[in-house]
$ cat work32.cif   # mmCIF, C-alpha atoms
data_final
#
loop_
_atom_site.label_atom_id
_atom_site.label_comp_id
_atom_site.auth_asym_id
_atom_site.auth_seq_id
_atom_site.Cartn_x
_atom_site.Cartn_y
_atom_site.Cartn_z
CA MET A 243 -26.31 -78.71 -13.10
CA THR A 244 -28.05 -79.09 -9.76
CA ALA A 245 -31.52 -80.27 -8.94
CA ARG A 246 -33.67 -80.92 -5.99
CA ILE A 247 -35.72 -83.98 -6.76
CA ALA A 248 -38.88 -83.37 -4.75
CA ASP A 249 -40.16 -81.52 -1.75
CA SER A 250 -40.04 -83.83 1.18
CA PRO A 251 -42.89 -84.28 3.59
CA ARG A 252 -40.34 -85.77 6.00
CA ALA A 253 -37.80 -82.99 6.18
CA GLY A 254 -36.91 -84.17 9.69
CA ASN A 255 -34.95 -87.02 8.11
CA VAL A 256 -31.28 -86.74 7.13
CA GLY A 257 -30.83 -85.35 3.62
CA ILE A 258 -28.85 -87.04 0.84
CA VAL A 259 -26.70 -85.24 -1.75
CA ILE A 260 -25.10 -86.90 -4.76
CA VAL A 261 -22.06 -85.31 -6.38
CA SER A 262 -20.63 -86.76 -9.57
CA HIS A 263 -18.38 -85.45 -12.33
CA SER A 264 -21.17 -86.51 -14.68
CA PRO A 265 -24.66 -84.99 -14.44
CA LEU A 266 -26.00 -88.21 -15.94
CA VAL A 267 -24.43 -90.34 -13.21
CA ALA A 268 -25.61 -87.96 -10.47
CA ARG A 269 -29.13 -87.88 -11.79
CA GLY A 270 -29.23 -91.63 -12.35
CA ALA A 271 -28.02 -92.34 -8.82
CA ALA A 272 -30.64 -89.93 -7.46
CA ASP A 273 -33.33 -91.73 -9.45
CA MET A 274 -32.28 -95.00 -7.82
CA VAL A 275 -32.44 -93.41 -4.38
CA ARG A 276 -35.89 -92.04 -5.11
CA GLN A 277 -37.10 -95.42 -6.29
CA MET A 278 -35.98 -96.90 -2.99
CA VAL A 279 -37.32 -94.33 -0.53
CA GLY A 280 -39.88 -92.27 -2.42
CA ASP A 281 -39.94 -88.73 -1.06
CA CYS A 282 -39.16 -89.70 2.55
CA VAL A 283 -35.74 -88.02 2.50
CA PRO A 284 -34.62 -84.65 1.20
CA LEU A 285 -32.53 -85.43 -1.89
CA ALA A 286 -30.52 -83.36 -4.36
CA TRP A 287 -27.87 -84.06 -6.95
CA THR A 288 -25.25 -82.05 -8.79
CA GLY A 289 -22.91 -82.98 -11.58
CA GLY A 290 -20.68 -81.30 -14.13
CA ASN A 291 -18.49 -78.20 -14.12
CA VAL A 292 -19.80 -74.64 -14.48
CA GLU A 293 -19.87 -75.04 -18.25
CA GLY A 294 -21.86 -78.28 -18.13
CA GLY A 295 -18.90 -80.50 -19.05
CA LEU A 296 -17.57 -83.32 -16.89
CA GLY A 297 -16.37 -82.03 -13.54
CA THR A 298 -17.63 -80.63 -10.27
CA HIS A 299 -17.93 -77.14 -8.89
CA VAL A 300 -18.28 -75.67 -5.45
CA ALA A 301 -21.30 -73.44 -6.10
CA GLY A 302 -23.30 -76.34 -7.50
CA ILE A 303 -22.42 -78.56 -4.56
CA LYS A 304 -23.30 -75.83 -2.07
CA SER A 305 -26.69 -75.32 -3.78
CA ALA A 306 -27.36 -79.07 -3.70
CA ILE A 307 -26.60 -79.26 0.03
CA GLU A 308 -28.91 -76.31 0.63
CA ALA A 309 -31.61 -77.93 -1.50
CA ALA A 310 -31.46 -81.17 0.49
CA TRP A 311 -31.02 -79.34 3.81
CA SER A 312 -32.33 -80.97 6.93
CA GLU A 313 -31.74 -79.92 10.51
CA ALA A 314 -30.96 -83.61 11.11
CA GLY A 315 -27.98 -83.23 8.79
CA VAL A 316 -26.93 -84.06 5.24
CA ALA A 317 -24.88 -87.00 3.97
CA VAL A 318 -22.90 -86.23 0.79
CA PHE A 319 -21.80 -88.93 -1.67
CA VAL A 320 -18.99 -88.19 -4.12
CA ASP A 321 -17.27 -90.01 -6.96
CA LEU A 322 -13.66 -89.07 -7.79
CA GLY A 323 -11.07 -86.87 -6.03
CA GLY A 324 -12.13 -83.42 -7.22
CA ALA A 325 -15.71 -84.12 -6.17
CA GLU A 326 -14.51 -84.75 -2.65
CA THR A 327 -12.17 -81.75 -2.47
CA ASN A 328 -14.80 -79.43 -3.94
CA SER A 329 -17.41 -80.83 -1.55
CA GLU A 330 -15.14 -80.05 1.40
CA ALA A 331 -14.77 -76.48 0.15
CA ALA A 332 -18.55 -76.19 -0.32
CA VAL A 333 -19.21 -77.47 3.21
CA GLU A 334 -16.80 -74.88 4.66
CA MET A 335 -18.70 -72.14 2.86
CA LEU A 336 -21.89 -73.10 4.70
CA GLY A 337 -20.37 -71.65 7.89
CA PRO A 338 -19.42 -73.57 11.03
CA ALA A 339 -22.97 -74.08 12.36
CA ARG A 340 -24.30 -75.82 9.25
CA ALA A 341 -20.95 -77.38 8.26
CA GLY A 342 -21.04 -79.41 11.47
CA LYS A 343 -24.22 -81.09 10.25
CA VAL A 344 -22.79 -82.28 6.92
CA SER A 345 -20.77 -85.46 6.38
CA ILE A 346 -18.92 -86.40 3.21
CA CYS A 347 -19.12 -90.18 3.15
CA ASN A 348 -16.34 -92.54 2.30
CA ALA A 349 -18.60 -94.93 0.41
CA PRO A 350 -19.38 -95.93 -3.17
CA LEU A 351 -21.61 -93.33 -4.83
CA VAL A 352 -24.61 -95.40 -5.91
CA GLU A 353 -24.66 -98.13 -3.28
CA GLY A 354 -23.74 -95.67 -0.53
CA ALA A 355 -26.47 -93.19 -1.43
CA VAL A 356 -29.15 -95.87 -1.71
CA ILE A 357 -28.31 -97.59 1.57
CA ALA A 358 -27.90 -94.26 3.36
CA ALA A 359 -31.28 -93.10 2.10
CA ALA A 360 -32.89 -96.31 3.27
CA GLU A 361 -31.37 -95.77 6.70
CA ALA A 362 -32.37 -92.09 6.72
CA SER A 363 -35.95 -92.88 5.73
CA GLY A 364 -36.39 -94.67 9.05
CA GLY A 365 -35.44 -91.52 10.93
CA SER A 366 -31.88 -92.53 11.89
CA PRO A 367 -29.49 -89.79 13.00
CA LEU A 368 -26.70 -88.58 10.68
CA ALA A 369 -23.96 -90.60 12.39
CA LYS A 370 -25.91 -93.81 11.91
CA VAL A 371 -26.74 -92.99 8.27
CA VAL A 372 -23.07 -92.32 7.53
CA ALA A 373 -21.85 -95.40 9.39
CA THR A 374 -24.26 -97.65 7.49
CA ALA A 375 -23.03 -96.31 4.13
CA GLU A 376 -19.37 -96.46 5.13
CA GLU A 377 -19.68 -100.14 6.04
CA LEU A 378 -19.66 -100.68 2.27
CA SER A 379 -16.06 -99.44 2.05
CA PRO A 380 -13.53 -101.97 3.31
CA MET B 191 8.75 -54.54 -2.35
CA HIS B 192 5.40 -53.02 -1.54
CA ILE B 193 2.67 -54.39 -3.80
CA GLY B 194 0.34 -51.55 -4.70
CA ALA B 195 -2.95 -51.57 -6.58
CA ALA B 196 -1.27 -51.10 -9.97
CA ASP B 197 1.18 -53.94 -9.27
CA LEU B 198 -1.62 -56.26 -8.25
CA ALA B 199 -3.73 -55.50 -11.33
CA GLU B 200 -0.69 -56.06 -13.54
CA LEU B 201 0.24 -59.32 -11.77
CA ILE B 202 -3.30 -60.62 -12.28
CA ALA B 203 -3.14 -59.74 -15.97
CA LEU B 204 0.27 -61.41 -16.36
CA CYS B 205 -0.81 -64.61 -14.58
CA ARG B 206 -3.94 -64.76 -16.68
CA SER B 207 -2.04 -64.43 -19.95
CA GLU B 208 0.63 -66.93 -18.89
CA ILE B 209 -2.04 -69.56 -18.12
CA ASP B 210 -3.88 -68.71 -21.33
CA ARG B 211 -0.67 -69.15 -23.34
CA ASN B 212 0.00 -72.53 -21.70
CA CYS B 213 -3.58 -73.76 -21.56
CA ALA B 214 -3.16 -76.49 -24.18
CA HIS B 215 0.16 -77.60 -22.70
CA LEU B 216 -1.38 -77.98 -19.21
CA SER B 217 -4.31 -79.93 -20.58
CA ASP B 218 -1.93 -82.17 -22.54
CA LEU B 219 0.02 -82.93 -19.36
CA ASP B 220 -3.28 -83.66 -17.63
CA SER B 221 -4.50 -85.88 -20.47
CA ALA B 222 -1.47 -88.09 -20.00
CA ILE B 223 -2.18 -88.88 -16.34
CA GLY B 224 -5.58 -87.36 -15.49
CA ASP B 225 -8.78 -86.11 -17.04
CA GLY B 226 -7.30 -83.53 -19.38
CA ASP B 227 -9.06 -80.43 -18.14
CA HIS B 228 -6.41 -78.70 -16.03
CA GLY B 229 -5.59 -76.05 -18.65
CA ALA B 230 -9.23 -75.17 -19.27
CA ASN B 231 -9.99 -75.18 -15.55
CA MET B 232 -7.06 -72.89 -14.71
CA ARG B 233 -7.94 -70.56 -17.56
CA ARG B 234 -11.53 -70.30 -16.34
CA GLY B 235 -10.27 -69.46 -12.84
CA LEU B 236 -7.78 -66.83 -13.98
CA GLU B 237 -10.32 -65.28 -16.36
CA ALA B 238 -12.72 -64.88 -13.43
CA VAL B 239 -10.04 -63.18 -11.33
CA PHE B 240 -9.06 -60.99 -14.30
CA ALA B 241 -12.69 -59.92 -14.75
CA GLU B 242 -12.68 -58.56 -11.20
CA ARG B 243 -9.12 -57.24 -11.18
CA GLU B 244 -9.96 -53.59 -10.65
CA ALA B 245 -12.10 -54.26 -7.59
CA ILE B 246 -9.50 -56.71 -6.28
CA ALA B 247 -6.59 -54.32 -6.81
CA ALA B 248 -8.42 -51.64 -4.81
CA LEU B 249 -8.31 -53.88 -1.72
CA ALA B 250 -5.47 -54.17 0.77
CA LEU B 251 -3.20 -57.06 -0.27
CA PRO B 252 -4.40 -59.58 2.36
CA ASP B 253 -8.05 -58.91 1.50
CA ALA B 254 -7.25 -59.06 -2.21
CA LEU B 255 -5.62 -62.47 -1.75
CA GLU B 256 -8.65 -63.77 0.14
CA ARG B 257 -10.95 -62.53 -2.60
CA ILE B 258 -8.76 -64.11 -5.28
CA GLY B 259 -8.86 -67.38 -3.36
CA THR B 260 -12.64 -67.36 -3.20
CA ILE B 261 -12.90 -66.67 -6.93
CA LEU B 262 -10.47 -69.49 -7.70
CA VAL B 263 -12.38 -71.96 -5.51
CA MET B 264 -15.65 -71.08 -7.19
CA ASN B 265 -14.35 -71.09 -10.75
CA ILE B 266 -11.47 -73.49 -11.35
CA GLY B 267 -13.34 -76.65 -10.40
CA GLY B 268 -11.55 -79.98 -10.25
CA ALA B 269 -9.23 -80.65 -7.36
CA ALA B 270 -7.10 -77.64 -8.32
CA GLY B 271 -9.83 -75.11 -7.39
CA PRO B 272 -9.87 -75.82 -3.67
CA LEU B 273 -6.07 -76.19 -3.60
CA TYR B 274 -5.20 -72.89 -5.31
CA GLY B 275 -8.13 -71.24 -3.54
CA THR B 276 -6.90 -72.40 -0.15
CA LEU B 277 -3.39 -71.18 -0.96
CA ALA B 278 -4.55 -67.65 -1.76
CA MET B 279 -7.18 -67.42 0.98
CA GLU B 280 -4.88 -68.69 3.71
CA LEU B 281 -2.03 -66.48 2.53
CA GLY B 282 -4.36 -63.49 2.79
CA ARG B 283 -5.65 -64.52 6.21
CA ALA B 284 -2.16 -65.15 7.57
CA MET B 285 -0.93 -61.79 6.27
CA SER B 286 -3.85 -59.87 7.72
CA GLU B 287 -3.40 -61.44 11.16
CA ARG B 288 0.20 -60.35 11.13
CA GLY B 289 -0.94 -56.78 10.78
CA GLY B 290 1.39 -53.95 9.81
CA ALA B 291 4.62 -55.86 9.21
CA PRO B 292 3.56 -58.97 7.35
CA ASP B 293 6.12 -61.70 7.44
CA PHE B 294 5.58 -63.09 3.97
CA ALA B 295 7.67 -66.22 4.49
CA ALA B 296 5.77 -67.26 7.63
CA SER B 297 2.43 -66.51 5.98
CA LEU B 298 3.39 -68.57 2.94
CA GLU B 299 4.42 -71.46 5.17
CA ARG B 300 1.03 -71.42 6.87
CA ALA B 301 -0.81 -71.23 3.54
CA ILE B 302 1.14 -74.17 2.09
CA ALA B 303 0.42 -76.22 5.21
CA ALA B 304 -3.29 -75.51 4.65
CA VAL B 305 -3.03 -76.70 1.03
CA ALA B 306 -1.40 -79.92 2.25
CA ARG B 307 -4.24 -80.48 4.71
CA ARG B 308 -6.88 -79.75 2.09
CA GLY B 309 -5.32 -82.22 -0.36
CA ARG B 310 -4.25 -84.64 2.38
CA SER B 311 -0.88 -84.81 0.63
CA GLY B 312 2.74 -84.24 1.39
CA PRO B 313 6.10 -84.02 -0.34
CA GLY B 314 6.72 -86.50 -3.15
CA ASP B 315 3.06 -87.22 -3.92
CA LYS B 316 3.43 -85.61 -7.38
CA THR B 317 1.25 -82.57 -6.78
CA LEU B 318 1.63 -78.80 -6.78
CA LEU B 319 3.04 -79.16 -3.26
CA ASP B 320 6.21 -80.50 -4.84
CA VAL B 321 6.68 -76.99 -6.25
CA LEU B 322 5.35 -75.10 -3.25
CA TYR B 323 7.67 -76.69 -0.68
CA PRO B 324 10.93 -75.87 -2.51
CA VAL B 325 9.61 -72.36 -3.25
CA GLN B 326 8.90 -71.92 0.44
CA VAL B 327 12.49 -72.86 1.26
CA GLU B 328 13.83 -70.26 -1.20
CA VAL B 329 11.49 -67.58 0.15
CA LEU B 330 12.61 -68.36 3.68
CA ARG B 331 16.21 -67.90 2.52
CA ARG B 332 15.19 -64.57 0.98
CA SER B 333 16.53 -65.74 -2.37
CA ALA B 334 16.35 -63.43 -5.36
CA PRO B 335 13.16 -63.74 -7.46
CA ALA B 336 15.13 -65.21 -10.38
CA ARG B 337 16.40 -67.98 -8.13
CA VAL B 338 12.89 -68.69 -6.78
CA ALA B 339 11.51 -68.93 -10.33
CA GLU B 340 14.31 -71.26 -11.40
CA CYS B 341 13.67 -73.44 -8.37
CA ALA B 342 9.92 -73.62 -9.12
CA GLN B 343 10.53 -74.67 -12.71
CA SER B 344 13.05 -77.35 -11.86
CA ALA B 345 10.80 -78.61 -9.04
CA ALA B 346 7.93 -79.00 -11.52
CA GLN B 347 10.21 -80.96 -13.87
CA SER B 348 11.27 -83.19 -10.97
CA THR B 349 7.68 -84.41 -10.59
CA GLN B 350 8.30 -86.40 -13.80
CA ALA B 351 10.25 -88.99 -11.83
CA MET B 352 7.60 -89.30 -9.12
CA GLN B 353 4.80 -91.81 -8.85
CA ALA B 354 1.48 -90.11 -8.13
CA ARG B 355 -0.06 -90.87 -4.77
CA ARG B 356 -2.92 -88.38 -4.88
CA GLY B 357 -5.52 -87.42 -7.45
CA ARG B 358 -6.62 -89.35 -10.46
CA ALA B 359 -3.03 -89.93 -11.59
CA ALA B 360 -2.63 -92.20 -8.55
CA TYR B 361 -4.94 -94.72 -10.27
CA LEU B 362 -2.20 -95.22 -12.88
CA GLY B 363 0.32 -96.34 -10.30
CA ALA B 364 3.80 -96.71 -11.80
CA ARG B 365 2.53 -95.58 -15.21
CA SER B 366 2.26 -92.04 -13.81
CA ILE B 367 6.08 -91.95 -13.73
CA GLY B 368 7.65 -90.09 -16.65
CA HIS B 369 5.00 -87.37 -16.87
CA GLU B 370 5.22 -83.92 -15.32
CA ASP B 371 2.36 -83.21 -12.93
CA PRO B 372 0.02 -80.60 -14.45
CA GLY B 373 -0.69 -78.95 -11.08
CA ALA B 374 3.02 -78.65 -10.37
CA SER B 375 3.46 -77.23 -13.87
CA SER B 376 0.79 -74.54 -13.52
CA CYS B 377 2.15 -73.67 -10.09
CA ALA B 378 5.65 -73.18 -11.52
CA LEU B 379 4.29 -71.04 -14.37
CA LEU B 380 2.47 -68.77 -11.93
CA THR B 381 5.43 -68.59 -9.55
CA ALA B 382 7.81 -67.72 -12.39
CA THR B 383 5.42 -65.07 -13.70
CA ILE B 384 5.16 -63.38 -10.32
CA CYS B 385 8.93 -63.60 -9.77
CA ARG B 386 9.65 -62.10 -13.19
CA TYR B 387 7.48 -59.12 -12.33
CA LEU B 388 9.17 -58.70 -8.93
CA ARG B 389 12.61 -58.86 -10.55
CA GLU B 390 11.68 -56.27 -13.16
CA HIS B 391 10.16 -53.99 -10.56
CA ASP B 392 12.89 -53.60 -8.05
CA ALA B 393 12.46 -56.49 -5.68
CA PRO B 394 14.81 -56.98 -2.75
#
$ encode --input "work32.cif" --output "structure tokens"
Amino acid sequence: MTARIADSPRAGNVGIVIVSHSPLVARGAADMVRQMVGDCVPLAWTGGNVEGGLGTHVAGIKSAIEAAWSEAGVAVFVDLGGAETNSEAAVEMLGPARAGKVSICNAPLVEGAVIAAAEASGGSPLAKVVATAEELSP
Amino acid sequence: MHIGAADLAELIALCRSEIDRNCAHLSDLDSAIGDGDHGANMRRGLEAVFAEREAIAALALPDALERIGTILVMNIGGAAGPLYGTLAMELGRAMSERGGAPDFAASLERAIAAVARRGRSGPGDKTLLDVLYPVQVEVLRRSAPARVAECAQSAAQSTQAMQARRGRAAYLGARSIGHEDPGASSCALLTATICRYLREHDAP
């Protein structure tokens, strides 16, 4: 399941994508991001395998990245291993030009997404958004 | 041997039924040290390839492998999707770059290296690589298909003694020891299935 949360009036800001094995976790984390930054950043989430069970899948992740697309770049937050590996595969499928503007962050899913969104809402570039989120990981 | 369209379609069908037959076993192995969906994930992937087998078999082998890889990436899910997908896609790409006289062993080596990069893993991490590396050695030696299959199966069993360093099983630490890795197991099943076909159809 994949959803774009809202159209953003500030599409110039870095986008945020949340990828969890659980659609409930992904949606809940996205709700927390939205509460923090309103619609100032493009935001999308995806969770679950193609059958709707726990898991992740490449097509869903690719759609979420496209839904939260920003020319300033997209920061992707993942939970467990398969979410990361599938996100890497999804990013490759975007083609080299767009893939270069996507970062998969080494940060906790909820805290990372919220702090990254806060940073992005101020207009920070992708590298700064990612660095701020990754400070959470020792 | 030359793999023609009929061979490829038959190999796809055989791999699909082997995974289907072992679906519960693979999920049981995965339940012990992971999230328990490896059998279902692999079956979904192989079913998707099987559904397209006629179109795939009509392609030249390198293109067919790339297409199979894409289907596996999009359908298996979990960590196994990108790993098996990378294996097939890179094998196809390596074979097509080598043109008329594809050096299968060199292409396989390149594809396995790509899987290792994708999974950021190496030998002894308790993954499907622990089957792929020994298989690669046998292929390089031009061993008979029966020998390659035997090697794959014993390599999968050897993952029992390993402690997982990648994937969800790594969270279990030493408790992952004593269980066969499900990815290694599915990899051995597929390798043995392909080797059996090659042996029965006049392989070198």
$ resolve_selection --input "work32.cif" --expression "the PyMOL selection byres ((chain A and resi 353-365) around 9)" --output "PyMOL selection string"
chain A and resi 252+254-260+271-272+274-276+278-279+281-283+285+317-319+347-352+366-368+370-379
$ interface_residues --input "work32.cif" --of "chain B" --to "chain A" --cutoff "8 Å" --atoms "all atoms listed in the file" --output "PyMOL selection string"
chain B and resi 263-272+308-309+357-358
$ resolve_selection --input "work32.cif" --expression "the PyMOL selection byres ((chain B and resi 375) around 12)" --output "PyMOL selection string"
chain B and resi 208-209+212-213+215-220+228-229+232+270+316-322+342-350+369-374+376-382
$ write_last_selection --input "work32.cif" --atoms "C-alpha atoms" --output "short mmCIF file (atom, residue, chain, number, x, y, z; two decimals), in the coordinates of the input"
data_model
loop_
_atom_site.label_atom_id
_atom_site.label_comp_id
_atom_site.auth_asym_id
_atom_site.auth_seq_id
_atom_site.Cartn_x
_atom_site.Cartn_y
_atom_site.Cartn_z
CA GLU B 208 0.63 -66.93 -18.89
CA ILE B 209 -2.04 -69.56 -18.12
CA ASN B 212 0.00 -72.53 -21.70
CA CYS B 213 -3.58 -73.76 -21.56
CA HIS B 215 0.16 -77.60 -22.70
CA LEU B 216 -1.38 -77.98 -19.21
CA SER B 217 -4.31 -79.93 -20.58
CA ASP B 218 -1.93 -82.17 -22.54
CA LEU B 219 0.02 -82.93 -19.36
CA ASP B 220 -3.28 -83.66 -17.63
CA HIS B 228 -6.41 -78.70 -16.03
CA GLY B 229 -5.59 -76.05 -18.65
CA MET B 232 -7.06 -72.89 -14.71
CA ALA B 270 -7.10 -77.64 -8.32
CA LYS B 316 3.43 -85.61 -7.38
CA THR B 317 1.25 -82.57 -6.78
CA LEU B 318 1.63 -78.80 -6.78
CA LEU B 319 3.04 -79.16 -3.26
CA ASP B 320 6.21 -80.50 -4.84
CA VAL B 321 6.68 -76.99 -6.25
CA LEU B 322 5.35 -75.10 -3.25
CA ALA B 342 9.92 -73.62 -9.12
CA GLN B 343 10.53 -74.67 -12.71
CA SER B 344 13.05 -77.35 -11.86
CA ALA B 345 10.80 -78.61 -9.04
CA ALA B 346 7.93 -79.00 -11.52
CA GLN B 347 10.21 -80.96 -13.87
CA SER B 348 11.27 -83.19 -10.97
CA THR B 349 7.68 -84.41 -10.59
CA GLN B 350 8.30 -86.40 -13.80
CA HIS B 369 5.00 -87.37 -16.87
CA GLU B 370 5.22 -83.92 -15.32
CA ASP B 371 2.36 -83.21 -12.93
CA PRO B 372 0.02 -80.60 -14.45
CA GLY B 373 -0.69 -78.95 -11.08
CA ALA B 374 3.02 -78.65 -10.37
CA SER B 376 0.79 -74.54 -13.52
CA CYS B 377 2.15 -73.67 -10.09
CA ALA B 378 5.65 -73.18 -11.52
CA LEU B 379 4.29 -71.04 -14.37
CA LEU B 380 2.47 -68.77 -11.93
CA THR B 381 5.43 -68.59 -9.55
CA ALA B 382 7.81 -67.72 -12.39
#
$ atom_distance --input "work32.cif" --atom1 "CA of Val316 (chain A)" --atom2 "CA of Pro284 (chain A)"
8.7 Å
$ resolve_selection --input "work32.cif" --expression "the PyMOL selection byres ((chain B and resi 253) around 12)" --output "number ranges by chain"
B: 198, 245-252, 254-260, 278-287, 289
$ atom_distance --input "work32.cif" --atom1 "CA of Arg331 (chain B)" --atom2 "CA of Thr276 (chain B)"
23.7 Å
$ atom_distance --input "work32.cif" --atom1 "CA of Asp227 (chain B)" --atom2 "CA of Asp273 (chain A)"
28.1 Å
$ residues_around --input "work32.cif" --residues "Leu362 (chain B)" --least-positions-apart "3" --cutoff "9 Å" --atoms "all atoms listed in the file" --output "PDB file with C-alpha atoms, keeping the file's coordinate frame"
ATOM      1  CA  ILE B 223      -2.180 -88.880 -16.340  1.00  0.00           C
ATOM      2  CA  GLY B 224      -5.580 -87.360 -15.490  1.00  0.00           C
ATOM      3  CA  GLN B 353       4.800 -91.810  -8.850  1.00  0.00           C
ATOM      4  CA  ALA B 354       1.480 -90.110  -8.130  1.00  0.00           C
ATOM      5  CA  ARG B 358      -6.620 -89.350 -10.460  1.00  0.00           C
ATOM      6  CA  ALA B 359      -3.030 -89.930 -11.590  1.00  0.00           C
ATOM      7  CA  ARG B 365       2.530 -95.580 -15.210  1.00  0.00           C
ATOM      8  CA  SER B 366       2.260 -92.040 -13.810  1.00  0.00           C
ATOM      9  CA  ILE B 367       6.080 -91.950 -13.730  1.00  0.00           C
TER      10      ILE B 367
END
$ closest_residue --input "work32.cif" --among "A:Ala306, A:Ala314, A:Val320, A:Leu266" --to "Leu336 (chain A)" --atoms "all atoms listed in the file"
A:Ala306
$ build_atoms --input "work32.cif" --residues "region 201-223 of chain B" --atoms "N, CA and C atoms" --output "mmCIF file, in the coordinates of the input"
data_model
loop_
_atom_site.group_PDB
_atom_site.id
_atom_site.type_symbol
_atom_site.label_atom_id
_atom_site.label_comp_id
_atom_site.auth_asym_id
_atom_site.auth_seq_id
_atom_site.Cartn_x
_atom_site.Cartn_y
_atom_site.Cartn_z
ATOM 1 N N LEU B 201 -0.085 -57.920 -12.068
ATOM 2 C CA LEU B 201 0.240 -59.320 -11.770
ATOM 3 C C LEU B 201 -0.915 -60.246 -12.172
ATOM 4 N N ILE B 202 -2.132 -59.813 -11.900
ATOM 5 C CA ILE B 202 -3.300 -60.620 -12.280
ATOM 6 C C ILE B 202 -3.340 -60.788 -13.803
ATOM 7 N N ALA B 203 -3.110 -59.686 -14.504
ATOM 8 C CA ALA B 203 -3.140 -59.740 -15.970
ATOM 9 C C ALA B 203 -2.039 -60.663 -16.508
ATOM 10 N N LEU B 204 -0.853 -60.579 -15.895
ATOM 11 C CA LEU B 204 0.270 -61.410 -16.360
ATOM 12 C C LEU B 204 0.013 -62.888 -16.096
ATOM 13 N N CYS B 205 -0.515 -63.198 -14.909
ATOM 14 C CA CYS B 205 -0.810 -64.610 -14.580
ATOM 15 C C CYS B 205 -1.878 -65.145 -15.525
ATOM 16 N N ARG B 206 -2.879 -64.330 -15.779
ATOM 17 C CA ARG B 206 -3.940 -64.760 -16.680
ATOM 18 C C ARG B 206 -3.391 -65.051 -18.076
ATOM 19 N N SER B 207 -2.518 -64.168 -18.587
ATOM 20 C CA SER B 207 -2.040 -64.430 -19.950
ATOM 21 C C SER B 207 -1.056 -65.594 -19.998
ATOM 22 N N GLU B 208 -0.302 -65.789 -18.913
ATOM 23 C CA GLU B 208 0.630 -66.930 -18.890
ATOM 24 C C GLU B 208 -0.147 -68.263 -18.920
ATOM 25 N N ILE B 209 -1.224 -68.333 -18.142
ATOM 26 C CA ILE B 209 -2.040 -69.560 -18.120
ATOM 27 C C ILE B 209 -2.736 -69.736 -19.481
ATOM 28 N N ASP B 210 -3.214 -68.641 -20.034
ATOM 29 C CA ASP B 210 -3.880 -68.710 -21.330
ATOM 30 C C ASP B 210 -2.922 -69.250 -22.399
ATOM 31 N N ARG B 211 -1.677 -68.740 -22.360
ATOM 32 C CA ARG B 211 -0.670 -69.150 -23.340
ATOM 33 C C ARG B 211 -0.341 -70.641 -23.197
ATOM 34 N N ASN B 212 -0.400 -71.141 -21.972
ATOM 35 C CA ASN B 212 0.000 -72.530 -21.700
ATOM 36 C C ASN B 212 -1.179 -73.469 -21.495
ATOM 37 N N CYS B 213 -2.367 -72.992 -21.830
ATOM 38 C CA CYS B 213 -3.580 -73.760 -21.560
ATOM 39 C C CYS B 213 -3.530 -75.153 -22.194
ATOM 40 N N ALA B 214 -3.175 -75.206 -23.476
ATOM 41 C CA ALA B 214 -3.160 -76.490 -24.180
ATOM 42 C C ALA B 214 -2.084 -77.407 -23.604
ATOM 43 N N HIS B 215 -0.936 -76.808 -23.277
ATOM 44 C CA HIS B 215 0.160 -77.600 -22.700
ATOM 45 C C HIS B 215 -0.273 -78.230 -21.373
ATOM 46 N N LEU B 216 -0.932 -77.456 -20.515
ATOM 47 C CA LEU B 216 -1.380 -77.980 -19.210
ATOM 48 C C LEU B 216 -2.419 -79.077 -19.394
ATOM 49 N N SER B 217 -3.304 -78.889 -20.346
ATOM 50 C CA SER B 217 -4.310 -79.930 -20.580
ATOM 51 C C SER B 217 -3.672 -81.183 -21.171
ATOM 52 N N ASP B 218 -2.637 -80.995 -22.007
ATOM 53 C CA ASP B 218 -1.930 -82.170 -22.540
ATOM 54 C C ASP B 218 -1.259 -82.957 -21.413
ATOM 55 N N LEU B 219 -0.603 -82.239 -20.505
ATOM 56 C CA LEU B 219 0.020 -82.930 -19.360
ATOM 57 C C LEU B 219 -1.035 -83.685 -18.573
ATOM 58 N N ASP B 220 -2.199 -83.047 -18.412
ATOM 59 C CA ASP B 220 -3.280 -83.660 -17.630
ATOM 60 C C ASP B 220 -3.899 -84.842 -18.371
ATOM 61 N N SER B 221 -3.945 -84.760 -19.694
ATOM 62 C CA SER B 221 -4.500 -85.880 -20.470
ATOM 63 C C SER B 221 -3.664 -87.137 -20.271
ATOM 64 N N ALA B 222 -2.359 -86.936 -20.126
ATOM 65 C CA ALA B 222 -1.470 -88.090 -20.000
ATOM 66 C C ALA B 222 -1.740 -88.870 -18.714
ATOM 67 N N ILE B 223 -2.052 -88.171 -17.628
ATOM 68 C CA ILE B 223 -2.180 -88.880 -16.340
ATOM 69 C C ILE B 223 -3.461 -88.522 -15.589
#
